Amino acid sequence: MMSEFISKVDIEARKRAAEILKKKFLTLLDQINKGEPLVLEIPKRTLNNTVYDENRKLLLLGEEKLKRSFLDLNEARRFMQTTLMASIIYDALVNNEYPTIRDLYYRGKHSIVLKAPNGKTYEENTWDEQKESDSVIVDIEVFTSLLREDMLILSKEKGKVVGDMRIRSGNDVIDLSKMGHGAYSIEPTPDLIDFVDVKADFVLVVEKDAVFQQLHREGFWKKYNAILVTSAGQPDRATRRFVRRLNEELKLPVYILTDADPYGWYIYSVFRIGSINLSYESERLATPNARFLGVSMGDIFGTPKKKAYLTEKERNAFIIKAKDYDIKRALEIKNYEWFKTKAWQEEIDMFLQKKAKLEIEAMASKGLKFLAFQYIPEKIQTNDFIS
């Protein structure tokens, strides 16, 4: 029985996902009817099958596929896990349920009693740990071209947003300019959000939640007509998709503000070109037009072309000595194809030379009004960003 409170948007999304899931896995029934061995062809999720598309500025999954055969002893377990998980997801879709990935782990976790040729019986679990069932969900995403969000599988909300905009979520219209000191938590199914009315000139994505809150309370987004977003560290899929939609559908420029260190650079690159581990998502989640606003090494130390934002005294107080793992990460990033631009190579080389990093909070320590009303707007107005 369908609840009267379930939105029409959810109902339509369920129908679509259930139909696609059913159609893809019914190919196994066709194989049985034809007397063929049961095989699932799934694109390989490996680094070797991850391709950087220079023209589209995206990390994409390559064309290589693996054949998961039921009759192959090395593949039989994963084959059965995949069909088991698909059936659980399908049941949840048609029964109007909203499982989390943790729910799916428990729903499928049970023991199978097996009998060996010598007559002895033993038990084997369908999966032992959640990372195993999570990996199966990813296989299903790649196999069906449905993201888990499309299948109404929920995850913990992480990203937040505030600004002069109205959105429709479910049956409600929510005004994101009237959130008090709080902000709207980006829901795990961002494609089911409708942009009703948006008044903004750009999007500022802030890595740190604490800095996001400071800028929000200081009224940054009101003064500069911005949509303010935080990823609260490494961005989740919902936040990336939401930012992509703001850029793609509303044509709003996107600026990324992170710490001045290799981990901040990588957070920027995940927003811009996608994740190495999840390259199959990039076409829908990455924002190739995103720009790295800072904090840059040039902002800290200055360059022949611009003056530093920090005095020598402030630098001595705020910078942090880079650790060996920071240096190692910087050298890895320096070799990524998408960082092999003149501007990024200069940025990374300066980091390796200075062996120093800086957190966004240091800029706020110089003065929150400096961060909100001088540093950020000045860099946007002068096009002082790396892309």
# chains A, B, ... in the order shown; residues from 1 in each chain; ligands from 1
>>> residues_around(residues="Asp10 of chain A", least_positions_apart="4", cutoff="9 Å", atoms="only C-alpha atoms", output="VMD selection string")
chain A and resid 6 14 to 15 96 152 170 192
>>> write_last_selection(atoms="N, CA, C and O atoms", output="short mmCIF file (atom, residue, chain, number, x, y, z; two decimals), in the first residue's frame")
data_model
loop_
_atom_site.label_atom_id
_atom_site.label_comp_id
_atom_site.auth_asym_id
_atom_site.auth_seq_id
_atom_site.Cartn_x
_atom_site.Cartn_y
_atom_site.Cartn_z
N ILE A 6 3.99 10.07 0.21
CA ILE A 6 5.09 9.91 -0.74
C ILE A 6 4.87 10.84 -1.94
O ILE A 6 3.79 10.87 -2.53
N ARG A 14 11.07 5.87 -8.71
CA ARG A 14 11.03 4.43 -8.39
C ARG A 14 10.67 3.60 -9.62
O ARG A 14 11.29 2.59 -9.91
N LYS A 15 9.63 4.04 -10.32
CA LYS A 15 9.18 3.30 -11.50
C LYS A 15 10.29 3.19 -12.52
O LYS A 15 10.53 2.12 -13.08
N ASN A 96 8.17 0.71 -2.10
CA ASN A 96 8.23 2.10 -1.62
C ASN A 96 9.03 2.26 -0.33
O ASN A 96 8.62 2.98 0.58
N LEU A 152 16.92 5.38 -5.06
CA LEU A 152 16.36 5.81 -3.77
C LEU A 152 17.06 5.14 -2.58
O LEU A 152 16.45 4.86 -1.55
N GLY A 170 10.41 17.05 -2.55
CA GLY A 170 9.18 16.32 -2.25
C GLY A 170 7.99 17.18 -2.57
O GLY A 170 7.89 17.76 -3.66
N LEU A 192 16.20 14.90 -7.48
CA LEU A 192 14.76 15.02 -7.25
C LEU A 192 14.39 16.40 -6.72
O LEU A 192 13.23 16.66 -6.42
#
>>> closest_atom_pairs(of="segment 126-165 of chain A", to="segment 82-94 of chain A", cutoff="12 Å", atoms="only C-alpha atoms", output="Markdown table")
| residue | atom | partner | partner_atom | distance |
| --- | --- | --- | --- | --- |
| A:Thr126 | CA | A:Leu84 | CA | 8.8 |
| A:Trp127 | CA | A:Met85 | CA | 10.7 |
| A:Glu132 | CA | A:Thr82 | CA | 10.7 |
| A:Ser133 | CA | A:Met85 | CA | 7.9 |
| A:Asp134 | CA | A:Met85 | CA | 9.8 |
| A:Ser135 | CA | A:Thr82 | CA | 9.5 |
| A:Val136 | CA | A:Thr82 | CA | 5.7 |
| A:Ile137 | CA | A:Met85 | CA | 7.1 |
| A:Val138 | CA | A:Thr82 | CA | 9.7 |
| A:Asp139 | CA | A:Thr82 | CA | 7.5 |
| A:Ile140 | CA | A:Thr82 | CA | 7.0 |
| A:Glu141 | CA | A:Ala86 | CA | 9.9 |
| A:Val142 | CA | A:Thr82 | CA | 11.6 |
| A:Phe143 | CA | A:Thr82 | CA | 10.1 |
| A:Thr144 | CA | A:Ala86 | CA | 10.2 |
| A:Leu146 | CA | A:Ala86 | CA | 11.7 |
| A:Arg148 | CA | A:Ile89 | CA | 9.5 |
| A:Glu149 | CA | A:Ile89 | CA | 11.7 |
| A:Asp150 | CA | A:Leu93 | CA | 10.3 |
| A:Met151 | CA | A:Leu93 | CA | 7.0 |
| A:Leu152 | CA | A:Leu93 | CA | 7.4 |
| A:Ile153 | CA | A:Ile89 | CA | 8.2 |
| A:Leu154 | CA | A:Ile89 | CA | 11.7 |
>>> residues_around(residues="segment 63-73 of chain A", least_positions_apart="5", cutoff="7 Å", atoms="only C-alpha atoms", output="list in words")
Leu38, Val39, Leu40, Glu41, Ile42, Pro43, Lys44, Asn49 and Phe79 of chain A
>>> residues_around(residues="segment 248-253 of chain A", least_positions_apart="5", cutoff="9 Å", atoms="only C-alpha atoms", output="list in words")
Phe195, Val198, Ala200, Asp201, Phe202, Val203, Leu204, Val243, Thr287, Asn289, Ala290 and Arg291 of chain A
>>> select_by_dssp(residues="segment 1-92 of chain A", states="helix (DSSP H, G or I)", output="PyMOL selection string")
chain A and resi 8-25+27-33+47-49+76-92
>>> select_by_dssp(residues="segment 182-381 of chain A", states="strand (DSSP E)", output="number ranges by chain")
A: 184-185, 193-198, 202-206, 226-230, 254-257, 291-294, 320-321, 356-357
>>> residues_around(residues="Gly219 of chain A", least_positions_apart="5", cutoff="9 Å", atoms="only C-alpha atoms", output="list in words")
Gln214, Tyr224 and Ala372 of chain A
>>> write_last_selection(atoms="C-alpha atoms", output="tab-separated table (two decimals), in the first residue's frame")
chain	number	residue	atom	x	y	z
A	214	GLN	CA	31.49	32.02	9.70
A	224	TYR	CA	27.70	39.32	-2.77
A	372	ALA	CA	34.62	37.66	3.67
>>> residues_around(residues="Gly264 of chain A", least_positions_apart="4", cutoff="12 Å", atoms="only C-alpha atoms", output="MDAnalysis selection string")
chainID A and resid 205:208 231:235 256:260 268:271 292:297 326 329:330 333 348 357:360
>>> residues_around(residues="Ala322 of chain A", least_positions_apart="2", cutoff="9 Å", atoms="only C-alpha atoms", output="list in words")
Asp261, Ile320, Asp324, Tyr325, Asp326, Ile327, Phe351, Leu352, Lys354, Lys355, Ala356 and Lys357 of chain A
>>> closest_residue(among="A:Ala238, A:Val173, A:Leu114, A:Leu147", to="Val161 of chain A", atoms="only C-alpha atoms")
A:Ala238
>>> closest_residue(among="A:Lys305, A:Lys115, A:Lys199, A:Arg166", to="Tyr184 of chain A", atoms="only C-alpha atoms")
A:Arg166
>>> closest_residue(among="A:Met350, A:Met80, A:Ile174, A:Ile386", to="Gly108 of chain A", atoms="only C-alpha atoms")
A:Met80
>>> closest_residue(among="A:Asn55, A:Arg315, A:Arg78, A:Tyr98", to="Ile11 of chain A", atoms="only C-alpha atoms")
A:Tyr98
>>> closest_residue(among="A:Lys379, A:Lys313, A:Arg284, A:Lys57", to="Arg237 of chain A", atoms="only C-alpha atoms")
A:Arg284
